[in-house]
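Novice: Please find target26.tsv (TSV, C-alpha atoms) on the next line:
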```
chain	number	residue	atom	x	y	z
Q	27	MET	CA	-67.20	110.71	3.02
Q	28	ILE	CA	-64.02	108.70	3.48
Q	29	TYR	CA	-63.47	109.63	7.08
Q	30	PRO	CA	-66.95	108.84	8.41
Q	31	TRP	CA	-66.72	105.55	6.54
Q	32	ILE	CA	-63.38	104.69	8.18
Q	33	TRP	CA	-64.73	105.76	11.55
Q	34	ALA	CA	-67.70	103.42	11.10
Q	35	LYS	CA	-65.36	100.53	10.21
Q	36	LEU	CA	-63.18	100.99	13.30
Q	37	PRO	CA	-63.93	98.55	16.13
Q	38	GLY	CA	-64.89	99.22	19.70
Q	39	GLY	CA	-66.21	102.19	21.50
Q	40	ARG	CA	-65.33	105.83	21.17
Q	41	PHE	CA	-61.97	105.52	22.93
Q	42	THR	CA	-60.60	102.52	21.03
Q	43	ARG	CA	-61.78	104.08	17.80
Q	44	ALA	CA	-59.91	107.28	18.56
Q	45	ALA	CA	-56.76	105.30	19.41
Q	46	CYS	CA	-57.03	103.32	16.16
Q	47	ALA	CA	-57.58	106.53	14.21
Q	48	VAL	CA	-54.43	108.08	15.70
Q	49	LEU	CA	-52.45	104.93	14.83
Q	50	LEU	CA	-53.76	104.99	11.26
Q	51	LEU	CA	-52.86	108.68	10.98
Q	52	LEU	CA	-49.32	108.08	12.25
Q	53	ALA	CA	-48.89	105.19	9.83
Q	54	ALA	CA	-50.05	107.36	6.94
Q	55	VAL	CA	-47.70	110.20	7.91
Q	56	GLY	CA	-44.82	107.74	8.36
Q	57	ILE	CA	-45.31	106.21	4.92
Q	58	LEU	CA	-45.51	109.66	3.35
Q	59	TRP	CA	-42.46	111.01	5.20
Q	60	TYR	CA	-40.12	108.07	4.76
Q	61	VAL	CA	-41.25	106.54	1.47
Q	62	VAL	CA	-43.38	108.83	-0.65
Q	63	PHE	CA	-41.71	112.19	-0.02
Q	64	PRO	CA	-38.12	111.05	-0.72
Q	65	LEU	CA	-39.32	109.52	-4.00
Q	66	ALA	CA	-41.34	112.62	-4.89
Q	67	ASP	CA	-38.40	114.84	-4.01
Q	68	ALA	CA	-36.05	112.86	-6.25
Q	69	LEU	CA	-38.58	112.96	-9.08
Q	70	LEU	CA	-39.22	116.69	-8.78
Q	71	GLY	CA	-35.51	117.45	-8.46
Q	72	LEU	CA	-36.30	120.66	-6.60
Q	73	ASP	CA	-32.93	120.57	-4.92
Q	74	ASP	CA	-30.56	119.66	-7.73
Q	75	VAL	CA	-27.27	121.30	-6.95
Q	76	THR	CA	-24.76	119.94	-9.43
Q	77	MET	CA	-23.60	121.35	-12.70
Q	78	GLU	CA	-24.28	119.03	-15.60
Q	79	PRO	CA	-24.57	119.46	-19.33
Q	80	SER	CA	-28.01	117.85	-19.50
Q	81	ALA	CA	-29.58	119.51	-16.45
Q	82	GLY	CA	-32.14	122.21	-16.76
Q	83	GLN	CA	-33.29	121.19	-20.21
Q	84	PRO	CA	-37.04	121.61	-20.45
P	13	MET	CA	-82.92	129.42	5.44
P	14	ILE	CA	-86.55	128.61	4.95
P	15	THR	CA	-88.76	129.28	7.89
P	16	GLY	CA	-92.41	128.74	8.50
P	17	GLN	CA	-92.45	125.51	6.55
P	18	THR	CA	-92.94	122.05	7.91
P	19	ALA	CA	-89.97	119.75	7.57
P	20	LEU	CA	-90.04	117.39	4.63
P	21	PRO	CA	-90.71	113.74	5.46
P	22	TYR	CA	-87.16	112.46	4.87
P	23	GLN	CA	-85.70	115.04	7.20
P	24	GLN	CA	-87.80	113.74	10.00
P	25	GLU	CA	-87.02	110.11	9.28
P	26	ASP	CA	-83.26	110.25	9.00
P	27	ASP	CA	-80.97	113.04	10.11
P	28	LEU	CA	-78.06	111.60	8.14
P	29	TRP	CA	-79.78	111.58	4.80
P	30	GLU	CA	-78.37	114.03	2.29
P	31	PRO	CA	-79.11	114.70	-1.33
P	32	PRO	CA	-76.49	113.04	-3.60
P	33	SER	CA	-75.11	116.38	-4.74
P	34	ARG	CA	-74.28	117.27	-1.15
P	35	ARG	CA	-72.57	113.93	-0.58
P	36	LEU	CA	-70.46	114.53	-3.68
P	37	ALA	CA	-69.49	118.02	-2.55
P	38	ARG	CA	-68.57	116.73	0.88
P	39	GLY	CA	-66.43	113.97	-0.60
P	40	ALA	CA	-64.64	116.46	-2.87
P	41	GLY	CA	-64.08	118.75	0.10
P	42	GLU	CA	-62.56	115.97	2.16
P	43	LEU	CA	-60.28	115.03	-0.71
P	44	MET	CA	-59.08	118.60	-1.18
P	45	VAL	CA	-58.44	119.15	2.52
P	46	THR	CA	-56.49	115.88	2.59
P	47	LEU	CA	-54.37	116.91	-0.40
P	48	GLY	CA	-53.78	120.30	1.19
P	49	VAL	CA	-52.53	118.70	4.40
P	50	ILE	CA	-50.26	116.39	2.39
P	51	ALA	CA	-48.85	119.37	0.48
P	52	LEU	CA	-48.12	121.20	3.75
P	53	LEU	CA	-46.46	118.09	5.13
P	54	PHE	CA	-44.31	117.84	2.01
P	55	ALA	CA	-43.24	121.46	2.45
P	56	LEU	CA	-42.22	120.64	6.03
P	57	TYR	CA	-40.29	117.64	4.74
P	58	ALA	CA	-38.48	119.70	2.11
P	59	VAL	CA	-37.47	122.40	4.58
P	60	TYR	CA	-36.92	120.53	7.85
P	61	GLY	CA	-37.09	116.80	7.20
P	62	LYS	CA	-34.22	116.67	4.74
P	63	ALA	CA	-32.14	119.01	6.87
P	64	TRP	CA	-32.55	116.70	9.87
P	65	GLN	CA	-31.71	113.62	7.83
P	66	ILE	CA	-28.55	115.22	6.45
P	67	GLU	CA	-27.52	116.37	9.93
P	68	ALA	CA	-27.84	112.82	11.21
P	69	GLU	CA	-25.80	111.48	8.26
P	70	GLN	CA	-23.20	114.23	8.77
P	71	ARG	CA	-22.57	113.10	12.33
P	72	LEU	CA	-21.75	109.60	11.08
P	73	VAL	CA	-19.56	110.89	8.25
P	74	GLU	CA	-17.68	113.24	10.59
P	75	GLU	CA	-16.97	110.35	12.90
P	76	ARG	CA	-15.76	108.21	10.03
P	77	LEU	CA	-13.47	111.01	8.88
P	78	ASP	CA	-11.96	111.37	12.35
P	79	HIS	CA	-11.39	107.63	12.50
P	80	ALA	CA	-9.81	107.56	9.05
P	81	TRP	CA	-7.48	110.43	9.92
P	82	ALA	CA	-6.54	108.88	13.24
P	83	ALA	CA	-5.82	105.50	11.72
P	84	ALA	CA	-4.36	105.01	8.29
P	85	GLY	CA	-3.63	108.43	6.90
P	86	GLU	CA	-4.96	109.86	3.69
P	87	PRO	CA	-5.74	107.37	0.95
P	88	ALA	CA	-4.00	107.84	-2.38
P	89	ALA	CA	-7.29	108.68	-4.06
P	90	PRO	CA	-10.65	109.67	-2.57
P	91	VAL	CA	-13.03	106.74	-2.18
P	92	PRO	CA	-16.54	107.36	-3.61
P	93	GLY	CA	-19.08	107.93	-0.87
P	94	GLN	CA	-16.39	108.33	1.81
P	95	PRO	CA	-15.37	111.63	3.42
P	96	LEU	CA	-12.19	113.20	2.09
P	97	ALA	CA	-11.91	116.57	3.82
P	98	ARG	CA	-13.62	119.02	6.11
P	99	LEU	CA	-14.90	122.39	5.03
P	100	HIS	CA	-15.30	125.32	7.42
P	101	ILE	CA	-17.12	128.56	6.74
P	102	PRO	CA	-16.50	130.67	9.86
P	103	LYS	CA	-18.79	133.49	8.69
P	104	LEU	CA	-21.76	131.11	8.61
P	105	ASP	CA	-20.51	129.26	11.70
P	106	ARG	CA	-20.65	125.99	9.80
P	107	LYS	CA	-18.43	123.02	9.08
P	108	TRP	CA	-19.02	119.80	7.21
P	109	ALA	CA	-17.27	116.61	6.30
P	110	VAL	CA	-17.19	116.56	2.50
P	111	VAL	CA	-17.83	113.21	0.84
P	112	GLU	CA	-16.47	112.11	-2.51
P	113	GLY	CA	-19.11	112.16	-5.26
P	114	VAL	CA	-22.15	114.20	-6.20
P	115	THR	CA	-24.82	111.54	-6.68
P	116	SER	CA	-28.01	112.06	-4.70
P	117	ALA	CA	-26.85	109.33	-2.30
P	118	ASP	CA	-23.58	111.19	-1.70
P	119	LEU	CA	-25.31	114.52	-1.27
P	120	SER	CA	-27.72	113.08	1.28
P	121	LYS	CA	-24.69	112.86	3.60
P	122	GLY	CA	-23.62	116.47	3.19
P	123	PRO	CA	-21.61	118.46	0.66
P	124	GLY	CA	-20.09	116.35	-2.12
P	125	HIS	CA	-16.79	116.72	-3.94
P	126	TYR	CA	-17.02	116.54	-7.74
P	127	PRO	CA	-14.98	113.49	-8.74
P	128	LYS	CA	-11.82	114.24	-10.72
P	129	THR	CA	-11.68	117.85	-9.58
P	130	ALA	CA	-8.71	119.05	-7.52
P	131	ARG	CA	-8.26	117.97	-3.92
P	132	PRO	CA	-7.85	120.57	-1.16
P	133	GLY	CA	-4.89	122.84	-1.77
P	134	GLU	CA	-4.07	121.44	-5.20
P	135	ILE	CA	-3.55	123.61	-8.24
P	136	GLY	CA	-6.82	123.37	-10.15
P	137	ASN	CA	-10.41	123.65	-9.03
P	138	MET	CA	-11.76	121.83	-6.02
P	139	ALA	CA	-15.50	121.77	-6.76
P	140	VAL	CA	-18.05	120.97	-4.07
P	141	ALA	CA	-21.83	120.70	-4.39
P	142	GLY	CA	-24.32	120.87	-1.55
P	143	HIS	CA	-28.05	121.07	-1.03
P	144	ARG	CA	-29.63	124.47	-0.43
P	145	ILE	CA	-31.08	123.46	2.89
P	146	MET	CA	-30.64	124.70	6.40
P	147	SER	CA	-28.00	122.20	7.45
P	148	VAL	CA	-25.89	122.64	4.29
P	149	PHE	CA	-25.50	125.55	1.85
P	150	TRP	CA	-28.62	127.54	2.79
P	151	ASP	CA	-26.81	130.83	3.47
P	152	LEU	CA	-24.19	130.54	0.74
P	153	ASP	CA	-25.47	133.78	-0.78
P	154	ARG	CA	-24.21	135.65	2.28
P	155	LEU	CA	-20.60	134.97	1.32
P	156	LYS	CA	-18.97	138.06	-0.15
P	157	ALA	CA	-15.57	138.67	-1.68
P	158	GLY	CA	-12.83	138.23	0.92
P	159	ASP	CA	-14.78	135.86	3.19
P	160	VAL	CA	-12.88	132.86	4.42
P	161	ILE	CA	-13.52	129.22	3.50
P	162	VAL	CA	-11.13	126.74	5.09
P	163	ALA	CA	-10.52	123.23	3.78
P	164	GLU	CA	-9.07	120.85	6.33
P	165	THR	CA	-7.24	117.67	5.39
P	166	ARG	CA	-5.45	115.20	7.60
P	167	ASN	CA	-2.20	117.13	7.58
P	168	ALA	CA	-3.00	120.70	6.63
P	169	TRP	CA	-5.35	123.66	6.61
P	170	PHE	CA	-6.02	125.49	3.36
P	171	VAL	CA	-7.41	128.98	3.71
P	172	TYR	CA	-9.38	130.14	0.69
P	173	ARG	CA	-10.86	133.58	0.21
P	174	VAL	CA	-14.04	134.17	-1.77
P	175	THR	CA	-13.38	135.98	-5.02
P	176	GLU	CA	-16.92	136.21	-6.39
P	177	HIS	CA	-20.31	134.61	-6.37
P	178	ARG	CA	-22.71	134.42	-9.25
P	179	GLU	CA	-25.91	132.81	-10.41
P	180	VAL	CA	-25.74	130.66	-13.50
P	181	LEU	CA	-27.84	128.14	-15.41
P	182	PRO	CA	-27.41	124.48	-14.43
P	183	THR	CA	-25.76	123.84	-17.79
P	184	ALA	CA	-22.82	126.14	-17.04
P	185	VAL	CA	-20.40	123.27	-16.38
P	186	GLU	CA	-17.46	125.60	-17.09
P	187	VAL	CA	-17.66	126.84	-13.49
P	188	VAL	CA	-16.18	123.55	-12.28
P	189	ALA	CA	-13.46	123.47	-14.96
P	190	PRO	CA	-9.86	123.34	-13.65
P	191	THR	CA	-9.60	127.03	-14.47
P	192	PRO	CA	-13.11	128.24	-13.60
P	193	ASN	CA	-15.05	129.60	-16.59
P	194	GLN	CA	-12.20	128.75	-18.97
P	195	PRO	CA	-12.51	125.07	-19.84
P	196	GLY	CA	-9.43	123.65	-21.49
P	197	VAL	CA	-7.09	126.23	-20.02
P	198	PRO	CA	-4.45	124.55	-17.84
P	199	PRO	CA	-4.85	125.65	-14.22
P	200	GLU	CA	-2.36	127.96	-12.58
P	201	ARG	CA	-4.17	128.78	-9.36
P	202	ALA	CA	-5.69	126.68	-6.58
P	203	MET	CA	-9.41	127.42	-6.64
P	204	LEU	CA	-12.38	126.24	-4.63
P	205	THR	CA	-15.87	126.33	-6.17
P	206	LEU	CA	-19.09	125.71	-4.27
P	207	THR	CA	-22.31	125.05	-6.18
P	208	THR	CA	-25.85	124.84	-4.84
P	209	CYS	CA	-29.33	125.40	-6.18
P	210	ASN	CA	-30.83	128.82	-6.57
P	211	PRO	CA	-33.29	130.34	-5.76
P	212	LYS	CA	-33.83	128.64	-2.42
P	213	LEU	CA	-36.01	125.51	-2.80
P	214	GLN	CA	-36.06	125.87	-6.58
P	215	ASN	CA	-33.87	124.38	-9.22
P	216	TRP	CA	-33.72	126.51	-12.32
P	217	GLN	CA	-30.44	128.20	-11.45
P	218	ARG	CA	-27.23	127.40	-9.61
P	219	LEU	CA	-25.55	129.64	-7.09
P	220	VAL	CA	-21.80	129.41	-7.53
P	221	VAL	CA	-19.16	130.73	-5.11
P	222	PHE	CA	-15.54	130.94	-6.23
P	223	ALA	CA	-12.65	131.18	-3.80
P	224	GLU	CA	-8.90	131.21	-4.27
P	225	LEU	CA	-6.25	129.69	-2.03
P	226	ALA	CA	-4.73	132.46	0.08
P	227	ARG	CA	-2.38	130.42	2.22
P	228	SER	CA	-1.96	127.05	3.87
P	229	GLN	CA	-0.53	125.82	7.11
P	230	ALA	CA	0.39	122.45	8.51
P	231	LYS	CA	-1.82	120.88	11.17
P	232	SER	CA	1.19	120.83	13.47
P	233	ASP	CA	1.13	124.66	13.47
P	234	GLY	CA	-2.30	124.69	15.13
P	235	ARG	CA	-5.63	126.08	13.97
P	236	PRO	CA	-5.53	128.94	11.51
P	237	PRO	CA	-6.60	132.21	13.15
P	238	GLU	CA	-9.18	132.75	10.39
P	239	LEU	CA	-11.31	130.01	11.99
P	240	GLY	CA	-11.75	131.96	15.19
P	241	ALA	CA	-11.04	130.75	18.67
P	242	LYS	CA	-13.81	128.27	19.39
P	243	LYS	CA	-13.66	124.63	18.42
```
When written as structure tokens, how does the structure in this file appear?
Specialist:
Amino acid sequence: MIYPWIWAKLPGGRFTRAACAVLLLLAAVGILWYVVFPLADALLGLDDVTMEPSAGQP
Amino acid sequence: MITGQTALPYQQEDDLWEPPSRRLARGAGELMVTLGVIALLFALYAVYGKAWQIEAEQRLVEERLDHAWAAAGEPAAPVPGQPLARLHIPKLDRKWAVVEGVTSADLSKGPGHYPKTARPGEIGNMAVAGHRIMSVFWDLDRLKAGDVIVAETRNAWFVYRVTEHREVLPTAVEVVAPTPNQPGVPPERAMLTLTTCNPKLQNWQRLVVFAELARSQAKSDGRPPELGAKK
């Protein structure tokens, strides 16, 4: 129900709403790609490549 | 579907009306689809996004290395975060500028040289770590005994040949010891060790490739034939 709610909140007619929706989508993807994913990647450590005595401990 | 029944009053009054249970299910569905899309996007980031970012950083680091070599000559000691050598793997058709250090910031620029390990050509073990992504050590498992790895410094080429590759636990720090696998033993040979994560996109093992210095040649003697003809 989030998306219909957002759609209802967007101003203007069908066209401006679609444009706003695309902008919102791009902003969300941008924040994920440049802020959230690098942090998540560092936290998960899925690509640790170094040898260290403490690594790999459960 | 129920047929032959007259519509209930609320269905006639308002098309948008739904029982609360349906609204809840729809909301949960939306949430799950959203999370699924985010997960897919994260997978794209892990496979392609990071590779692109490292490629962009590599271009800058390569330039900086060329400038450094053209200008002042080699510094007495490698500077953390700055490039110190170039590494070529002709079999994989790849080359990188190697930066000093193995922090995540260093490794976001390309392969990183473990501090305090040997420098190219030195007796000891030159250890280099790199991400297991397409623009770095993705295909490291394709290296077999005898394959060539060339380290390039300002004044010389050092041609190493792979001796073995193995998969170890991340705690096996002895692979980067001056004499690989024999910590505490004084080094007699010039070794090169590459480490990356294994399996691909997972982190519970490390893939380690050992190589030993076969020969070296001065830059003034041209490119080593092992690199192949093309620049």
Novice: Which of these residues is nearest to chain P, using all atoms listed in the file: Q:Val61, Q:Ala68, Q:Ala34, Q:Ala53?
Specialist: Q:Ala68
Novice: Go through P:Leu104, P:Val91, P:Leu119, P:Val185 one by one, measure the shortest atom-to-atom distance of each to chain Q using all atoms listed in the file, and give the residue with the smallest value.
Specialist: P:Val185
Novice: What is the CA of Arg71 in chain P to CA of Lys128 in chain P distance in Å?
Specialist: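 Separating CA of Arg71 in chain P from CA of Lys128 in chain P is a distance of 25.5 Å.
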Novice: Give me, please, the distance in Å between CA of Gln214 in chain P and CA of Gly71 in chain Q, quoted to one decimal.
Specialist: 8.6 Å
Novice: What are the residues of chain P that have an atom within 9 Å of an atom of chain Q, counting all atoms listed in the file, as a ChimeraX atom specification?
Specialist: /P:35-36,38-40,42-43,50,53-54,57-58,61-62,114-116,126,140-145,181-188,207-210,212-219
Novice: For the residues selected in the previous step, produce a file with C-alpha atoms as a PDB file, keeping the file's coordinate frame.
Specialist:
```
ATOM      1  CA  ARG P  35     -72.570 113.930  -0.580  1.00  0.00           C
ATOM      2  CA  LEU P  36     -70.460 114.530  -3.680  1.00  0.00           C
ATOM      3  CA  ARG P  38     -68.570 116.730   0.880  1.00  0.00           C
ATOM      4  CA  GLY P  39     -66.430 113.970  -0.600  1.00  0.00           C
ATOM      5  CA  ALA P  40     -64.640 116.460  -2.870  1.00  0.00           C
ATOM      6  CA  GLU P  42     -62.560 115.970   2.160  1.00  0.00           C
ATOM      7  CA  LEU P  43     -60.280 115.030  -0.710  1.00  0.00           C
ATOM      8  CA  ILE P  50     -50.260 116.390   2.390  1.00  0.00           C
ATOM      9  CA  LEU P  53     -46.460 118.090   5.130  1.00  0.00           C
ATOM     10  CA  PHE P  54     -44.310 117.840   2.010  1.00  0.00           C
ATOM     11  CA  TYR P  57     -40.290 117.640   4.740  1.00  0.00           C
ATOM     12  CA  ALA P  58     -38.480 119.700   2.110  1.00  0.00           C
ATOM     13  CA  GLY P  61     -37.090 116.800   7.200  1.00  0.00           C
ATOM     14  CA  LYS P  62     -34.220 116.670   4.740  1.00  0.00           C
ATOM     15  CA  VAL P 114     -22.150 114.200  -6.200  1.00  0.00           C
ATOM     16  CA  THR P 115     -24.820 111.540  -6.680  1.00  0.00           C
ATOM     17  CA  SER P 116     -28.010 112.060  -4.700  1.00  0.00           C
ATOM     18  CA  TYR P 126     -17.020 116.540  -7.740  1.00  0.00           C
ATOM     19  CA  VAL P 140     -18.050 120.970  -4.070  1.00  0.00           C
ATOM     20  CA  ALA P 141     -21.830 120.700  -4.390  1.00  0.00           C
ATOM     21  CA  GLY P 142     -24.320 120.870  -1.550  1.00  0.00           C
ATOM     22  CA  HIS P 143     -28.050 121.070  -1.030  1.00  0.00           C
ATOM     23  CA  ARG P 144     -29.630 124.470  -0.430  1.00  0.00           C
ATOM     24  CA  ILE P 145     -31.080 123.460   2.890  1.00  0.00           C
ATOM     25  CA  LEU P 181     -27.840 128.140 -15.410  1.00  0.00           C
ATOM     26  CA  PRO P 182     -27.410 124.480 -14.430  1.00  0.00           C
ATOM     27  CA  THR P 183     -25.760 123.840 -17.790  1.00  0.00           C
ATOM     28  CA  ALA P 184     -22.820 126.140 -17.040  1.00  0.00           C
ATOM     29  CA  VAL P 185     -20.400 123.270 -16.380  1.00  0.00           C
ATOM     30  CA  GLU P 186     -17.460 125.600 -17.090  1.00  0.00           C
ATOM     31  CA  VAL P 187     -17.660 126.840 -13.490  1.00  0.00           C
ATOM     32  CA  VAL P 188     -16.180 123.550 -12.280  1.00  0.00           C
ATOM     33  CA  THR P 207     -22.310 125.050  -6.180  1.00  0.00           C
ATOM     34  CA  THR P 208     -25.850 124.840  -4.840  1.00  0.00           C
ATOM     35  CA  CYS P 209     -29.330 125.400  -6.180  1.00  0.00           C
ATOM     36  CA  ASN P 210     -30.830 128.820  -6.570  1.00  0.00           C
ATOM     37  CA  LYS P 212     -33.830 128.640  -2.420  1.00  0.00           C
ATOM     38  CA  LEU P 213     -36.010 125.510  -2.800  1.00  0.00           C
ATOM     39  CA  GLN P 214     -36.060 125.870  -6.580  1.00  0.00           C
ATOM     40  CA  ASN P 215     -33.870 124.380  -9.220  1.00  0.00           C
ATOM     41  CA  TRP P 216     -33.720 126.510 -12.320  1.00  0.00           C
ATOM     42  CA  GLN P 217     -30.440 128.200 -11.450  1.00  0.00           C
ATOM     43  CA  ARG P 218     -27.230 127.400  -9.610  1.00  0.00           C
ATOM     44  CA  LEU P 219     -25.550 129.640  -7.090  1.00  0.00           C
TER      45      LEU P 219
END
```
Novice: Using all atoms listed in the file, which protein or nucleic acid residues come within 9 Å of range 226-235 of chain P? Drop anything in the same chain fewer than 4 positions from it, and give the result as a list in words.
Specialist: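 Skipping anything fewer than 4 positions along the chain leaves Gly133, Glu164, Thr165, Arg166, Asn167, Ala168, Trp169, Phe170, Val171, Tyr172, Arg173, Ala202, Leu239, Gly240 and Ala241 of chain P.
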Novice: Could you tell me how far CA of Ala157 in chain P sits from CA of Pro190 in chain P, in Å to one decimal place?
Specialist: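 Distance between the two atoms: 20.3 Å.
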Novice: Show me, as a ChimeraX atom specification, the residues that have an atom within 10 Å of Trp33 in chain Q when counting only C-alpha atoms, minus same-chain residues fewer than 2 positions from it.
Specialist: /Q:28-31,35-37,40,43-44,46-47
Novice: Taking only C-alpha atoms into account, which of P:Pro123, P:Pro237, P:Pro199, P:Pro192 comes nearest Val220 in chain P?
Specialist: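 So, comparing all the options, the nearest one is P:Pro192.
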Novice: Work out where the centre of an axis-aligned box around every listed atom of range 129-136 of chain P lies and how long its edges are once 8 Å is added on each side; give both in Å to one decimal as lines of an AutoDock Vina configuration file.
Specialist:
```
center_x = -7.6
center_y = 120.7
center_z = -5.7
size_x = 24.1
size_y = 21.8
size_z = 25.0
```
